[in-house]
file coords_26.cif (mmCIF, C-alpha atoms)
data_work
#
loop_
_atom_site.label_atom_id
_atom_site.label_comp_id
_atom_site.auth_asym_id
_atom_site.auth_seq_id
_atom_site.Cartn_x
_atom_site.Cartn_y
_atom_site.Cartn_z
CA MET A 1 -26.41 12.15 -14.69
CA THR A 2 -23.29 12.64 -16.74
CA ASN A 3 -20.61 15.25 -16.53
CA ASN A 4 -18.09 16.64 -18.93
CA LEU A 5 -14.99 15.47 -17.14
CA SER A 6 -12.57 13.51 -19.29
CA ALA A 7 -11.13 10.29 -17.99
CA GLY A 8 -8.10 11.06 -15.89
CA THR A 9 -9.17 14.60 -15.14
CA ARG A 10 -7.90 15.72 -11.78
CA VAL A 11 -10.85 16.92 -9.74
CA LYS A 12 -9.94 19.79 -7.48
CA ALA A 13 -12.14 20.56 -4.53
CA LEU A 14 -14.04 23.78 -4.86
CA ASP A 15 -14.14 23.79 -1.15
CA PHE A 16 -11.18 25.77 -0.06
CA PRO A 17 -11.56 29.52 -0.18
CA ARG A 18 -8.57 31.81 -0.24
CA ALA A 19 -6.02 32.15 2.49
CA PHE A 20 -5.23 35.68 3.61
CA GLN A 21 -2.42 37.41 5.44
CA VAL A 22 -1.39 40.89 6.46
CA PHE A 23 2.15 41.77 7.43
CA ASN A 24 2.78 45.24 8.76
CA THR A 25 6.00 46.79 10.05
CA THR A 26 4.53 49.91 11.62
CA THR A 27 5.91 50.25 15.13
CA ILE A 28 3.56 50.89 18.02
CA SER A 29 5.53 52.35 20.92
CA ASN A 30 4.95 53.03 24.61
CA ILE A 31 1.74 51.07 24.86
CA SER A 32 -0.43 51.93 27.85
CA THR A 33 -3.76 50.29 27.08
CA THR A 34 -4.69 47.47 29.44
CA THR A 35 -7.73 46.42 27.45
CA TYR A 36 -7.47 44.88 24.01
CA VAL A 37 -7.32 47.41 21.16
CA LYS A 38 -6.73 46.87 17.47
CA GLY A 39 -3.94 49.40 17.00
CA THR A 40 -3.11 51.60 14.04
CA PRO A 41 -3.14 50.49 11.35
CA GLU A 42 -5.68 47.80 11.99
CA ILE A 43 -4.41 44.34 11.02
CA ALA A 44 -7.35 42.21 9.93
CA VAL A 45 -8.57 39.87 7.21
CA ARG A 46 -12.02 38.91 6.04
CA PHE A 47 -12.39 35.28 5.03
CA VAL A 48 -14.97 32.66 4.06
CA ALA A 49 -15.23 29.57 6.24
CA PRO A 50 -14.61 26.31 4.36
CA SER A 51 -16.89 23.28 4.57
CA SER A 52 -14.80 21.88 7.39
CA GLY A 53 -15.64 24.90 9.51
CA ARG A 54 -11.98 25.01 10.47
CA VAL A 55 -9.23 27.54 9.85
CA ALA A 56 -5.69 27.92 11.11
CA VAL A 57 -4.90 31.36 12.51
CA HIS A 58 -1.31 32.48 12.83
CA VAL A 59 -0.31 35.57 14.77
CA GLY A 60 3.24 36.82 14.75
CA ALA A 61 4.82 39.94 16.20
CA GLY A 62 7.94 41.63 17.39
CA THR A 63 7.63 42.68 21.03
CA SER A 64 9.85 44.35 23.61
CA ASN A 65 9.64 46.05 26.98
CA ASP A 66 12.39 48.60 27.44
CA GLY A 67 11.29 49.68 30.90
CA ALA A 68 12.69 48.45 34.23
CA ASN A 69 9.36 46.91 35.16
CA ASN A 70 7.39 43.72 34.78
CA ASP A 71 4.91 44.94 32.23
CA ARG A 72 3.65 42.26 29.88
CA ILE A 73 2.38 42.67 26.36
CA PHE A 74 -0.07 40.30 24.70
CA ILE A 75 -0.65 40.08 20.95
CA ALA A 76 -3.81 38.13 20.21
CA PHE A 77 -6.67 37.89 17.74
CA GLN A 78 -10.43 37.83 17.79
CA ILE A 79 -12.87 36.60 15.17
CA LEU A 80 -16.08 38.43 14.42
CA GLU A 81 -19.03 37.06 12.50
CA GLY A 82 -19.71 38.86 9.25
CA ASP A 83 -18.85 42.48 9.18
CA PRO A 84 -16.69 44.21 11.80
CA ALA A 85 -19.19 47.03 12.15
CA ASN A 86 -21.92 44.82 13.52
CA GLY A 87 -20.31 41.44 13.95
CA THR A 88 -20.89 39.23 16.92
CA VAL A 89 -17.70 37.99 18.54
CA PHE A 90 -17.22 34.36 17.53
CA GLN A 91 -13.80 33.89 19.14
CA SER A 92 -12.73 36.41 21.74
CA ALA A 93 -9.12 37.51 22.20
CA GLU A 94 -7.19 34.99 24.22
CA SER A 95 -3.63 35.61 25.33
CA LYS A 96 -2.78 31.90 25.34
CA ARG A 97 -3.43 31.74 21.60
CA GLY A 98 -1.08 34.61 20.85
CA VAL A 99 2.41 35.78 21.69
CA SER A 100 3.72 37.63 24.73
CA ASN A 101 6.93 38.85 26.32
CA PRO A 102 8.45 37.40 29.52
CA ALA A 103 7.46 40.29 31.86
CA THR A 104 10.91 41.67 32.42
CA GLN A 105 13.03 44.29 30.75
CA VAL A 106 14.03 43.07 27.31
CA ASP A 107 15.22 46.08 25.34
CA ARG A 108 15.50 44.35 22.00
CA ASP A 109 12.58 43.17 19.93
CA GLN A 110 11.77 39.50 20.15
CA PHE A 111 10.13 38.04 17.03
CA HIS A 112 7.83 35.09 17.47
CA GLY A 113 4.56 33.51 16.38
CA HIS A 114 1.82 31.11 17.36
CA THR A 115 -0.64 29.13 15.25
CA THR A 116 -3.89 27.64 16.54
CA MET A 117 -7.12 26.27 15.14
CA VAL A 118 -10.51 27.94 15.20
CA ASN A 119 -13.31 25.48 14.52
CA GLY A 120 -17.08 25.43 14.49
CA LEU A 121 -17.31 28.14 11.84
CA THR A 122 -20.38 28.07 9.63
CA PRO A 123 -19.25 26.93 6.17
CA GLY A 124 -19.67 29.46 3.41
CA THR A 125 -20.12 32.47 5.65
CA TYR A 126 -17.86 35.45 6.15
CA TYR A 127 -15.77 36.06 9.22
CA TYR A 128 -13.41 38.84 10.19
CA ALA A 129 -10.15 38.07 12.01
CA GLN A 130 -8.58 41.03 13.75
CA MET A 131 -5.33 41.44 15.69
CA LEU A 132 -5.54 43.00 19.13
CA HIS A 133 -2.98 43.91 21.78
CA ARG A 134 -2.80 45.06 25.38
CA VAL A 135 -0.35 45.36 28.25
CA THR A 136 -0.91 44.33 31.86
CA LEU A 137 0.47 47.28 33.83
CA GLY A 138 -0.01 50.19 31.48
CA SER A 139 3.55 51.35 32.04
CA ALA A 140 3.91 52.75 28.50
CA THR A 141 7.20 50.95 28.04
CA ALA A 142 6.21 47.99 25.85
CA ASP A 143 6.54 48.25 22.09
CA ILE A 144 5.49 46.37 18.97
CA ALA A 145 7.91 46.15 16.05
CA HIS A 146 5.72 44.39 13.53
CA ARG A 147 2.52 42.38 13.32
CA HIS A 148 1.56 39.45 11.13
CA LEU A 149 -1.83 37.80 10.80
CA MET A 150 -2.55 34.83 8.56
CA VAL A 151 -5.77 32.82 8.18
CA TRP A 152 -6.00 29.77 5.99
CA PRO A 153 -8.77 27.19 5.57
CA ILE A 154 -7.82 23.68 6.63
CA PRO A 155 -9.42 20.25 6.16
CA MET B 1 -19.61 6.56 -10.54
CA ALA B 2 -21.40 8.72 -8.02
CA VAL B 3 -24.22 10.89 -9.29
CA LEU B 4 -23.61 14.51 -8.46
CA PRO B 5 -26.52 16.97 -8.55
CA ALA B 6 -25.87 20.24 -10.35
CA GLY B 7 -24.17 22.69 -8.05
CA SER B 8 -22.62 20.03 -5.83
CA ASN B 9 -19.31 20.83 -4.27
CA VAL B 10 -16.72 18.15 -4.88
CA TYR B 11 -14.60 17.49 -1.82
CA GLY B 12 -11.28 15.75 -1.89
CA ALA B 13 -11.67 12.41 -0.15
CA ASP B 14 -8.01 12.44 0.60
CA PHE B 15 -7.69 14.86 3.45
CA PRO B 16 -8.75 13.75 6.89
CA PRO B 17 -9.97 16.43 9.31
CA SER B 18 -7.34 18.61 10.95
CA GLN B 19 -7.00 17.96 14.66
CA PHE B 20 -6.43 20.36 17.55
CA ASP B 21 -6.04 19.92 21.27
CA GLN B 22 -5.25 22.43 23.96
CA ASP B 23 -5.19 22.56 27.72
CA TRP B 24 -4.65 25.51 30.02
CA THR B 25 -3.97 23.60 33.21
CA THR B 26 -0.80 24.90 34.87
CA ILE B 27 2.08 22.49 35.45
CA LEU B 28 4.21 23.97 38.23
CA ASN B 29 7.72 23.43 39.65
CA ILE B 30 8.88 21.07 36.93
CA THR B 31 11.74 18.80 37.93
CA THR B 32 11.75 16.21 35.17
CA THR B 33 14.80 16.32 32.91
CA THR B 34 13.44 13.68 30.58
CA TYR B 35 10.41 14.19 28.39
CA VAL B 36 7.04 13.48 30.00
CA ALA B 37 3.52 13.99 28.72
CA GLY B 38 2.14 16.09 31.55
CA THR B 39 -1.31 16.00 33.11
CA PRO B 40 -3.69 16.20 31.45
CA GLU B 41 -2.18 14.80 28.30
CA VAL B 42 -2.40 17.03 25.23
CA ALA B 43 -2.44 14.89 22.11
CA VAL B 44 -4.22 14.24 18.81
CA SER B 45 -4.37 11.32 16.41
CA MET B 46 -4.71 11.48 12.66
CA THR B 47 -4.78 9.20 9.64
CA ALA B 48 -1.98 10.19 7.29
CA PRO B 49 -3.10 11.60 3.93
CA SER B 50 -1.85 10.26 0.58
CA SER B 51 0.98 12.78 0.59
CA GLY B 52 2.35 11.33 3.83
CA LYS B 53 2.81 14.91 5.01
CA VAL B 54 1.30 16.89 7.85
CA LEU B 55 1.98 20.30 9.29
CA VAL B 56 2.31 20.27 13.06
CA CYS B 57 1.78 23.57 14.88
CA MET B 58 2.38 23.59 18.62
CA GLY B 59 2.49 26.33 21.22
CA CYS B 60 2.69 26.90 24.94
CA GLY B 61 3.25 29.34 27.78
CA ILE B 62 6.46 28.85 29.80
CA ARG B 63 8.11 30.81 32.62
CA ASN B 64 11.01 30.42 35.03
CA ASN B 65 9.74 31.57 38.41
CA ALA B 66 13.22 32.25 39.84
CA ALA B 67 16.20 34.48 39.09
CA THR B 68 18.13 31.63 37.53
CA THR B 69 18.90 30.46 34.03
CA GLU B 70 16.68 27.39 34.27
CA ARG B 71 14.81 26.64 31.05
CA ALA B 72 12.06 24.36 29.85
CA ILE B 73 11.22 22.83 26.49
CA VAL B 74 7.77 21.90 25.24
CA THR B 75 7.71 19.79 22.09
CA TYR B 76 6.00 16.61 20.82
CA GLN B 77 6.63 13.03 19.83
CA ILE B 78 4.88 10.89 17.25
CA PHE B 79 3.80 7.26 17.58
CA GLU B 80 2.58 4.89 14.92
CA ASP B 81 -1.03 3.78 15.32
CA SER B 82 -1.52 4.83 18.94
CA LEU B 83 0.22 5.73 22.17
CA ASN B 84 1.14 2.07 22.48
CA GLY B 85 2.69 1.90 19.02
CA ALA B 86 6.25 2.23 17.83
CA VAL B 87 7.90 5.65 18.05
CA PHE B 88 7.81 7.28 14.63
CA SER B 89 9.63 10.40 15.79
CA ALA B 90 11.13 10.99 19.21
CA PRO B 91 10.81 14.44 20.81
CA LEU B 92 13.05 17.03 19.15
CA ASP B 93 13.99 20.18 21.05
CA ASP B 94 14.32 22.17 17.84
CA ARG B 95 10.76 21.82 16.65
CA GLY B 96 9.28 22.84 19.99
CA VAL B 97 9.41 25.92 22.18
CA LYS B 98 12.31 26.59 24.55
CA SER B 99 12.16 29.31 27.18
CA CYS B 100 14.68 32.13 27.19
CA GLY B 101 16.88 31.30 30.18
CA ILE B 102 17.54 34.85 31.29
CA ALA B 103 18.50 35.01 34.97
CA VAL B 104 15.42 36.98 35.92
CA SER B 105 12.13 35.75 37.31
CA GLN B 106 9.68 35.88 34.43
CA GLU B 107 6.02 35.65 33.65
CA TYR B 108 4.49 33.20 31.20
CA GLN B 109 5.55 33.82 27.65
CA TYR B 110 3.26 32.47 24.95
CA HIS B 111 4.47 31.45 21.52
CA GLY B 112 4.69 28.52 19.16
CA ASN B 113 6.52 26.69 16.44
CA MET B 114 5.60 24.62 13.40
CA ASP B 115 7.21 21.90 11.35
CA LEU B 116 6.40 19.77 8.32
CA ILE B 117 6.40 16.06 9.10
CA THR B 118 7.02 13.85 6.07
CA GLY B 119 7.34 10.17 5.35
CA LEU B 120 4.14 9.09 7.07
CA THR B 121 2.51 6.00 5.62
CA PRO B 122 -0.72 7.08 3.86
CA GLY B 123 -3.78 5.67 5.56
CA ARG B 124 -1.94 4.80 8.76
CA SER B 125 -2.94 6.39 12.02
CA TYR B 126 -0.42 8.44 13.99
CA TYR B 127 -0.52 9.81 17.51
CA PHE B 128 1.00 13.22 18.26
CA GLN B 129 1.69 13.82 21.94
CA VAL B 130 2.92 17.04 23.59
CA VAL B 131 5.79 16.48 26.04
CA HIS B 132 7.98 18.71 28.17
CA LEU B 133 11.11 18.76 30.32
CA SER B 134 13.26 21.17 32.32
CA LEU B 135 16.96 21.44 31.56
CA ALA B 136 18.37 21.43 35.09
CA GLY B 137 15.48 19.93 37.03
CA ALA B 138 15.52 22.87 39.43
CA GLY B 139 11.80 22.85 40.04
CA THR B 140 11.35 26.52 39.15
CA VAL B 141 9.91 26.42 35.63
CA ASP B 142 6.17 26.35 35.04
CA ILE B 143 3.87 25.76 32.09
CA ALA B 144 0.60 27.66 31.70
CA SER B 145 -0.77 26.30 28.43
CA ARG B 146 -0.10 23.71 25.77
CA ASN B 147 -1.63 23.28 22.35
CA ILE B 148 -1.05 21.17 19.25
CA MET B 149 -2.63 21.19 15.80
CA VAL B 150 -2.01 18.68 13.01
CA ILE B 151 -3.04 19.65 9.50
CA PRO B 152 -2.84 17.23 6.53
CA VAL B 153 -1.08 18.94 3.62
CA PRO B 154 -0.56 18.02 -0.06
#
call {"tool": "encode", "arguments": {"input": "coords_26.cif", "output": "C-alpha cells"}}
result
Amino acid sequence: MTNNLSAGTRVKALDFPRAFQVFNTTTISNISTTTYVKGTPEIAVRFVAPSSGRVAVHVGAGTSNDGANNDRIFIAFQILEGDPANGTVFQSAESKRGVSNPATQVDRDQFHGHTTMVNGLTPGTYYYAQMLHRVTLGSATADIAHRHLMVWPIP
Amino acid sequence: MAVLPAGSNVYGADFPPSQFDQDWTTILNITTTTYVAGTPEVAVSMTAPSSGKVLVCMGCGIRNNAATTERAIVTYQIFEDSLNGAVFSAPLDDRGVKSCGIAVSQEYQYHGNMDLITGLTPGRSYYFQVVHLSLAGAGTVDIASRNIMVIPVP
C-alpha cells in the first residue's frame, strides 16, 4: 500500500477528539439539597472518548458558607454514557474528586479546583459529563459563586 | 514503512499513557514536619515524552481537627528512574495543596493544584510520589484522600 504523504510530512494523530469546557458565573444561593442535583443552569459537556479511554476532568467552583454552622458543600461531577436522558451512570458523583468548603463559617467565596482522571471509557463513544452539588446539613446557608467544568482527552 | 489499511487511525507513538493513582485511606493526627510519603503510598511512574514536559495534577482532602491554626501541605516529589533514583525535583509547597489555617475545627476540604514539569529527559522514566507534612507537628491535622495524575504534553 502507498499513501500520499510527502517525505517530511508531520503526521498528526486523528485520535484526539475535542476538549470541552463550560464556565458559568450564575450564583446559586442558600442551597438546601442534601442529595446531588445539577443546578440551574446545568453545567455539562458531551464528549467522545479517545482511543486511550482516558480523559482528564477538571471541576472548579467558588464556594462559601455564610451561616454560623458546620454545613459543607460539595461540587462534584458524574459521567453518563451516551445521552443524559437515558444514559447509564459510568462514573458517579464523588466528593473526593471535587471541591468542598471547610465546614465552618466562611463568608467570602473561596475559588478552587480539582483535576482527576476518568479511565476505562469506550473509545469512540459519547459520554456526558455533568456538574452536581449538594450540602451535608441542608442549612440553606451555603452558596456557589461560579462553576467550571472542563473535559479533555489525554494519552 | 508500515502498511496502513484504509481508514486506519494513526496514533502518535510519542505519548506514553497518562497515569493516575488515588487512595482514600485516612491519615490521622499528623505530627511529621518533614515530608513523608504516607501509607499507602500514592505514586505513579512515567516515561518522559519527546517534549520533556508533563502536566501534574494532584489533589487531596485536608482538615485541622482542632481550633488552632495548624496546617498541612500535600504535594509531590519526582525521582529519576524509580523511587531509588536521584531526586529530580524535591517537594515544593507551592505546587501542592495547603490547608487554610483558620483557628476553627474544620471538616475535610477537597481541592487540587496542577503544574507543568519541564526539562525531563525524553525516554527516561520518572517516579512521582505524593508526600505530606504538618507545619507545627501538633498532631491535629488529618488527610482524607490523595490523588495524582501525570499527563504527557507536547
call {"tool": "resolve_selection", "arguments": {"input": "coords_26.cif", "expression": "the PyMOL selection byres ((chain A and resi 29) around 10)", "output": "number ranges by chain"}}
result
A: 26-28, 30-32, 63-65, 140-145
call {"tool": "residues_around", "arguments": {"input": "coords_26.cif", "residues": "region 89-100 of chain A", "least_positions_apart": "2", "cutoff": "9 Å", "atoms": "only C-alpha atoms", "output": "ChimeraX atom specification"}}
result
/A:36,58-61,63,72-81,87,102-103,112-116,118,121,127,131-133 /B:24,59-61,108-112,144-147
call {"tool": "atom_distance", "arguments": {"input": "coords_26.cif", "atom1": "CA of Ala56 (chain A)", "atom2": "CA of Asp71 (chain A)"}}
result
29.1 Å
call {"tool": "closest_residue", "arguments": {"input": "coords_26.cif", "among": "B:Gln129, B:Asn65, B:Thr34, B:Ser82", "to": "chain A", "atoms": "all atoms listed in the file"}}
result
B:Asn65
call {"tool": "residues_around", "arguments": {"input": "coords_26.cif", "residues": "region 40-55 of chain B", "least_positions_apart": "2", "cutoff": "8 Å", "atoms": "only C-alpha atoms", "output": "short mmCIF file (atom, residue, chain, number, x, y, z; two decimals) with C-alpha atoms, in the frame of the given file"}}
result
data_model
loop_
_atom_site.label_atom_id
_atom_site.label_comp_id
_atom_site.auth_asym_id
_atom_site.auth_seq_id
_atom_site.Cartn_x
_atom_site.Cartn_y
_atom_site.Cartn_z
CA ASP B 14 -8.01 12.44 0.60
CA PHE B 15 -7.69 14.86 3.45
CA PRO B 16 -8.75 13.75 6.89
CA PRO B 17 -9.97 16.43 9.31
CA SER B 18 -7.34 18.61 10.95
CA GLN B 19 -7.00 17.96 14.66
CA PHE B 20 -6.43 20.36 17.55
CA ASP B 21 -6.04 19.92 21.27
CA GLN B 22 -5.25 22.43 23.96
CA ASP B 23 -5.19 22.56 27.72
CA THR B 25 -3.97 23.60 33.21
CA ALA B 37 3.52 13.99 28.72
CA GLY B 38 2.14 16.09 31.55
CA CYS B 57 1.78 23.57 14.88
CA SER B 82 -1.52 4.83 18.94
CA MET B 114 5.60 24.62 13.40
CA ASP B 115 7.21 21.90 11.35
CA LEU B 116 6.40 19.77 8.32
CA ILE B 117 6.40 16.06 9.10
CA THR B 118 7.02 13.85 6.07
CA GLY B 119 7.34 10.17 5.35
CA LEU B 120 4.14 9.09 7.07
CA THR B 121 2.51 6.00 5.62
CA PRO B 122 -0.72 7.08 3.86
CA GLY B 123 -3.78 5.67 5.56
CA ARG B 124 -1.94 4.80 8.76
CA SER B 125 -2.94 6.39 12.02
CA TYR B 126 -0.42 8.44 13.99
CA TYR B 127 -0.52 9.81 17.51
CA PHE B 128 1.00 13.22 18.26
CA GLN B 129 1.69 13.82 21.94
CA VAL B 130 2.92 17.04 23.59
CA ARG B 146 -0.10 23.71 25.77
CA ASN B 147 -1.63 23.28 22.35
CA ILE B 148 -1.05 21.17 19.25
CA MET B 149 -2.63 21.19 15.80
CA VAL B 150 -2.01 18.68 13.01
CA ILE B 151 -3.04 19.65 9.50
CA PRO B 152 -2.84 17.23 6.53
CA VAL B 153 -1.08 18.94 3.62
CA PRO B 154 -0.56 18.02 -0.06
#
call {"tool": "closest_residue", "arguments": {"input": "coords_26.cif", "among": "A:Val135, A:Ile43, A:Ala19, A:Val106", "to": "Val55 (chain A)", "atoms": "only C-alpha atoms"}}
result
A:Ala19
call {"tool": "closest_residue", "arguments": {"input": "coords_26.cif", "among": "A:Tyr128, A:Thr136, A:Phe20, A:Met117", "to": "Met58 (chain B)", "atoms": "only C-alpha atoms"}}
result
A:Met117
call {"tool": "resolve_selection", "arguments": {"input": "coords_26.cif", "expression": "the PyMOL selection byres ((chain B and resi 96) around 9)", "output": "NGL selection string"}}
result
:B and (58-59 or 73-76 or 91-95 or 97-98 or 112-115)
call {"tool": "atom_distance", "arguments": {"input": "coords_26.cif", "atom1": "CA of Asp107 (chain A)", "atom2": "CA of Thr68 (chain B)"}}
result
19.1 Å
call {"tool": "atom_distance", "arguments": {"input": "coords_26.cif", "atom1": "CA of Ala66 (chain B)", "atom2": "CA of Thr35 (chain A)"}}
result
28.2 Å
call {"tool": "resolve_selection", "arguments": {"input": "coords_26.cif", "expression": "the PyMOL selection byres ((chain A and resi 50) around 10)", "output": "list of chain:residue names"}}
result
A:Leu14, A:Asp15, A:Phe16, A:Pro17, A:Arg18, A:Phe47, A:Val48, A:Ala49, A:Ser51, A:Ser52, A:Gly53, A:Arg54, A:Val55, A:Leu121, A:Thr122, A:Pro123, A:Gly124, A:Thr125, A:Tyr126, A:Trp152, A:Pro153, A:Ile154, A:Pro155
call {"tool": "build_atoms", "arguments": {"input": "coords_26.cif", "residues": "region 48-58 of chain B", "atoms": "all heavy atoms", "output": "short mmCIF file (atom, residue, chain, number, x, y, z; two decimals), in the frame of the given file"}}
result
data_model
loop_
_atom_site.label_atom_id
_atom_site.label_comp_id
_atom_site.auth_asym_id
_atom_site.auth_seq_id
_atom_site.Cartn_x
_atom_site.Cartn_y
_atom_site.Cartn_z
N ALA B 48 -2.84 9.47 8.23
CA ALA B 48 -1.98 10.19 7.29
C ALA B 48 -2.63 10.29 5.91
O ALA B 48 -3.19 9.31 5.42
CB ALA B 48 -0.64 9.50 7.18
N PRO B 49 -2.55 11.45 5.28
CA PRO B 49 -3.10 11.60 3.93
C PRO B 49 -2.18 10.93 2.89
O PRO B 49 -1.08 10.48 3.22
CB PRO B 49 -3.13 13.12 3.74
CG PRO B 49 -2.00 13.61 4.59
CD PRO B 49 -1.95 12.69 5.78
N SER B 50 -2.63 10.92 1.65
CA SER B 50 -1.85 10.26 0.58
C SER B 50 -0.46 10.86 0.41
O SER B 50 0.46 10.17 0.00
CB SER B 50 -2.60 10.37 -0.75
OG SER B 50 -3.80 9.67 -0.69
N SER B 51 -0.33 12.13 0.72
CA SER B 51 0.98 12.78 0.59
C SER B 51 1.98 12.29 1.63
O SER B 51 3.19 12.45 1.47
CB SER B 51 0.80 14.30 0.76
OG SER B 51 0.35 14.58 2.08
N GLY B 52 1.47 11.72 2.73
CA GLY B 52 2.35 11.33 3.83
C GLY B 52 2.91 12.52 4.58
O GLY B 52 3.88 12.40 5.32
N LYS B 53 2.28 13.69 4.40
CA LYS B 53 2.81 14.91 5.01
C LYS B 53 1.75 15.58 5.88
O LYS B 53 0.58 15.70 5.48
CB LYS B 53 3.25 15.90 3.94
CG LYS B 53 4.36 15.39 3.04
CD LYS B 53 4.63 16.40 1.95
CE LYS B 53 5.58 15.82 0.91
NZ LYS B 53 5.72 16.72 -0.25
N VAL B 54 2.17 16.06 7.01
CA VAL B 54 1.30 16.89 7.85
C VAL B 54 2.10 18.06 8.39
O VAL B 54 3.32 17.98 8.54
CB VAL B 54 0.69 16.09 9.04
CG1 VAL B 54 -0.25 15.01 8.56
CG2 VAL B 54 1.77 15.54 9.95
N LEU B 55 1.38 19.14 8.65
CA LEU B 55 1.98 20.30 9.29
C LEU B 55 1.59 20.25 10.77
O LEU B 55 0.41 20.12 11.10
CB LEU B 55 1.43 21.58 8.65
CG LEU B 55 2.02 22.91 9.08
CD1 LEU B 55 3.48 23.01 8.69
CD2 LEU B 55 1.24 24.06 8.42
N VAL B 56 2.59 20.30 11.63
CA VAL B 56 2.31 20.27 13.06
C VAL B 56 2.63 21.65 13.65
O VAL B 56 3.76 22.14 13.53
CB VAL B 56 3.14 19.20 13.79
CG1 VAL B 56 2.83 19.20 15.28
CG2 VAL B 56 2.86 17.82 13.20
N CYS B 57 1.63 22.27 14.24
CA CYS B 57 1.78 23.57 14.88
C CYS B 57 1.57 23.36 16.37
O CYS B 57 0.52 22.85 16.79
CB CYS B 57 0.74 24.57 14.37
SG CYS B 57 0.69 24.76 12.59
N MET B 58 2.55 23.72 17.18
CA MET B 58 2.38 23.59 18.62
C MET B 58 2.72 24.92 19.29
O MET B 58 3.40 25.77 18.71
CB MET B 58 3.22 22.45 19.20
CG MET B 58 4.71 22.52 18.96
SD MET B 58 5.62 23.65 20.04
CE MET B 58 5.14 23.09 21.65
#
